[in-house]
Every structure is written in structure tokens, then in C-alpha cells.
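Colleague: Please see the structure below; I have some questions.
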Amino acid sequence: MGIRGIRISRMISADPVADAGRTDAIGGVHNKTGHRTGGRLPDLIMARNRHLMCRFVYWNQNPGLKYEWVVSQLSREFYLSPSTVGQIIAANVDQIVQLRAQKNIAAWKREYDFFRW
């Protein structure tokens, strides 16, 4: 069902409260009014952000690399804009500090084996 079909089916839905929590083909979750609440699921966003923070700690361990280069590299790796990467980093400073203290790069290599570490 295309975007137009989803929109039409939502408009003719008899009971939007019954549709609450339903996920459509795009990945948006519907709230009690029947409207989509966003394009991604929170679990996927949290997994992406944790992965991004691990990569940030990895790239940031080299004192010769500038913050701007690291953000640029992460934006290319995760297909995000540099401003979005900066917002994710700023919102997760506490978790970055924890990851930096652990700095278990061997475990990250096993968990995220599709990156060059």
C-alpha cells in the first residue's frame, strides 16, 4: 500500500483509538488520534545512537583528529547530517563518558563487525 493508500485508509478508519499502537508500512506508529507519531521506532533509534556513540569514542581517541572531522566521518557512516550527529552526541554525553571509561573496543568489534576498527 503506497503513501496515498495509507493516508486514505487512515482517514476512513472507523475507530482511531483501536488503531493506537499500530505500525504502518513506513514504520510510523499511530497514536490515539490516528496520526503517525514518527518515522522510526524508538528501539531502532536507540540502537543507532549507541552504535554512533561507540564510533564517536573510537574516532575521538586519537588526539590528532578534530571534532569537526569526527562528526563529518560519522555523518558519512550513518547517513545523517552533521547537525544531527552533533545533536545526538550532545544529548548522550553521559553515555559517551561511560563508554569512554569502559573503552572495550574488542567487544565493539564483535558487536559491530561490519565496520573497520
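How things are named: the first chain in the C-alpha cells is A, the next is B, and so on; residues count from 1 in each chain; ligands count from 1 in the order shown.
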Write out as number ranges by chain which residues come within 10 Å of Arg100 of chain A when counting only C-alpha atoms, dropping same-chain ones fewer than 5 positions away.

Modeller: A: 53-54, 56-58, 60-61, 94-95, 105

Colleague: Give me, as a list in words, the residues of segment 55-92 of chain A that a backbone DSSP run labels helix (DSSP H, G or I).

Modeller: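 DSSP on the backbone gives helix (DSSP H, G or I) at Arg55, Phe56, Val57, Tyr58, Trp59, Asn60, Tyr67, Glu68, Trp69, Val70, Val71, Ser72, Gln73, Leu74, Ser75, Arg76, Glu77, Phe78, Pro82, Ser83, Thr84, Val85, Gly86, Gln87, Ile88, Ile89, Ala90 and Ala91 of chain A.
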
Colleague: Restricted to N, CA and C atoms, what would the selected residues look like written as an mmCIF file, in the first residue's frame?

Modeller:
data_model
loop_
_atom_site.group_PDB
_atom_site.id
_atom_site.type_symbol
_atom_site.label_atom_id
_atom_site.label_comp_id
_atom_site.auth_asym_id
_atom_site.auth_seq_id
_atom_site.Cartn_x
_atom_site.Cartn_y
_atom_site.Cartn_z
ATOM 1 N N ARG A 55 31.274 4.529 17.936
ATOM 2 C CA ARG A 55 32.161 5.005 16.871
ATOM 3 C C ARG A 55 32.752 6.368 17.211
ATOM 4 N N PHE A 56 31.967 7.227 17.881
ATOM 5 C CA PHE A 56 32.483 8.531 18.286
ATOM 6 C C PHE A 56 33.645 8.365 19.262
ATOM 7 N N VAL A 57 33.485 7.478 20.249
ATOM 8 C CA VAL A 57 34.564 7.232 21.211
ATOM 9 C C VAL A 57 35.788 6.676 20.485
ATOM 10 N N TYR A 58 35.556 5.750 19.549
ATOM 11 C CA TYR A 58 36.663 5.159 18.784
ATOM 12 C C TYR A 58 37.420 6.234 18.005
ATOM 13 N N TRP A 59 36.692 7.045 17.231
ATOM 14 C CA TRP A 59 37.361 8.062 16.427
ATOM 15 C C TRP A 59 37.973 9.150 17.296
ATOM 16 N N ASN A 60 37.347 9.454 18.405
ATOM 17 C CA ASN A 60 37.786 10.560 19.245
ATOM 18 C C ASN A 60 38.978 10.191 20.131
ATOM 19 N N TYR A 67 37.256 17.566 16.164
ATOM 20 C CA TYR A 67 35.850 17.233 16.385
ATOM 21 C C TYR A 67 35.057 17.325 15.077
ATOM 22 N N GLU A 68 35.319 18.342 14.280
ATOM 23 C CA GLU A 68 34.591 18.523 13.024
ATOM 24 C C GLU A 68 34.828 17.354 12.074
ATOM 25 N N TRP A 69 36.074 16.836 12.038
ATOM 26 C CA TRP A 69 36.359 15.697 11.172
ATOM 27 C C TRP A 69 35.614 14.465 11.657
ATOM 28 N N VAL A 70 35.606 14.249 12.979
ATOM 29 C CA VAL A 70 34.921 13.084 13.545
ATOM 30 C C VAL A 70 33.434 13.150 13.224
ATOM 31 N N VAL A 71 32.812 14.318 13.402
ATOM 32 C CA VAL A 71 31.387 14.473 13.097
ATOM 33 C C VAL A 71 31.131 14.247 11.611
ATOM 34 N N SER A 72 32.008 14.757 10.776
ATOM 35 C CA SER A 72 31.867 14.550 9.331
ATOM 36 C C SER A 72 31.966 13.071 8.970
ATOM 37 N N GLN A 73 32.913 12.376 9.579
ATOM 38 C CA GLN A 73 33.085 10.941 9.340
ATOM 39 C C GLN A 73 31.837 10.175 9.785
ATOM 40 N N LEU A 74 31.316 10.498 10.961
ATOM 41 C CA LEU A 74 30.117 9.822 11.469
ATOM 42 C C LEU A 74 28.899 10.121 10.601
ATOM 43 N N SER A 75 28.810 11.323 10.077
ATOM 44 C CA SER A 75 27.669 11.645 9.211
ATOM 45 C C SER A 75 27.725 10.832 7.927
ATOM 46 N N ARG A 76 28.931 10.544 7.433
ATOM 47 C CA ARG A 76 29.055 9.692 6.252
ATOM 48 C C ARG A 76 28.751 8.240 6.595
ATOM 49 N N GLU A 77 29.203 7.761 7.753
ATOM 50 C CA GLU A 77 28.992 6.365 8.138
ATOM 51 C C GLU A 77 27.521 6.055 8.405
ATOM 52 N N PHE A 78 26.789 7.019 8.976
ATOM 53 C CA PHE A 78 25.415 6.763 9.394
ATOM 54 C C PHE A 78 24.383 7.452 8.510
ATOM 55 N N PRO A 82 25.536 16.409 9.562
ATOM 56 C CA PRO A 82 26.447 16.719 10.666
ATOM 57 C C PRO A 82 25.734 17.352 11.861
ATOM 58 N N SER A 83 24.706 18.154 11.604
ATOM 59 C CA SER A 83 23.985 18.764 12.728
ATOM 60 C C SER A 83 23.239 17.704 13.536
ATOM 61 N N THR A 84 22.686 16.686 12.869
ATOM 62 C CA THR A 84 22.004 15.605 13.582
ATOM 63 C C THR A 84 22.998 14.807 14.417
ATOM 64 N N VAL A 85 24.167 14.540 13.864
ATOM 65 C CA VAL A 85 25.200 13.819 14.619
ATOM 66 C C VAL A 85 25.588 14.626 15.849
ATOM 67 N N GLY A 86 25.773 15.938 15.700
ATOM 68 C CA GLY A 86 26.110 16.792 16.835
ATOM 69 C C GLY A 86 25.025 16.793 17.898
ATOM 70 N N GLN A 87 23.765 16.781 17.466
ATOM 71 C CA GLN A 87 22.655 16.739 18.421
ATOM 72 C C GLN A 87 22.633 15.417 19.178
ATOM 73 N N ILE A 88 22.892 14.321 18.489
ATOM 74 C CA ILE A 88 22.916 13.006 19.145
ATOM 75 C C ILE A 88 24.046 12.953 20.162
ATOM 76 N N ILE A 89 25.210 13.469 19.795
ATOM 77 C CA ILE A 89 26.352 13.479 20.716
ATOM 78 C C ILE A 89 26.030 14.342 21.937
ATOM 79 N N ALA A 90 25.469 15.527 21.709
ATOM 80 C CA ALA A 90 25.153 16.426 22.821
ATOM 81 C C ALA A 90 24.101 15.835 23.754
ATOM 82 N N ALA A 91 23.159 15.090 23.205
ATOM 83 C CA ALA A 91 22.084 14.514 24.016
ATOM 84 C C ALA A 91 22.536 13.286 24.797
#
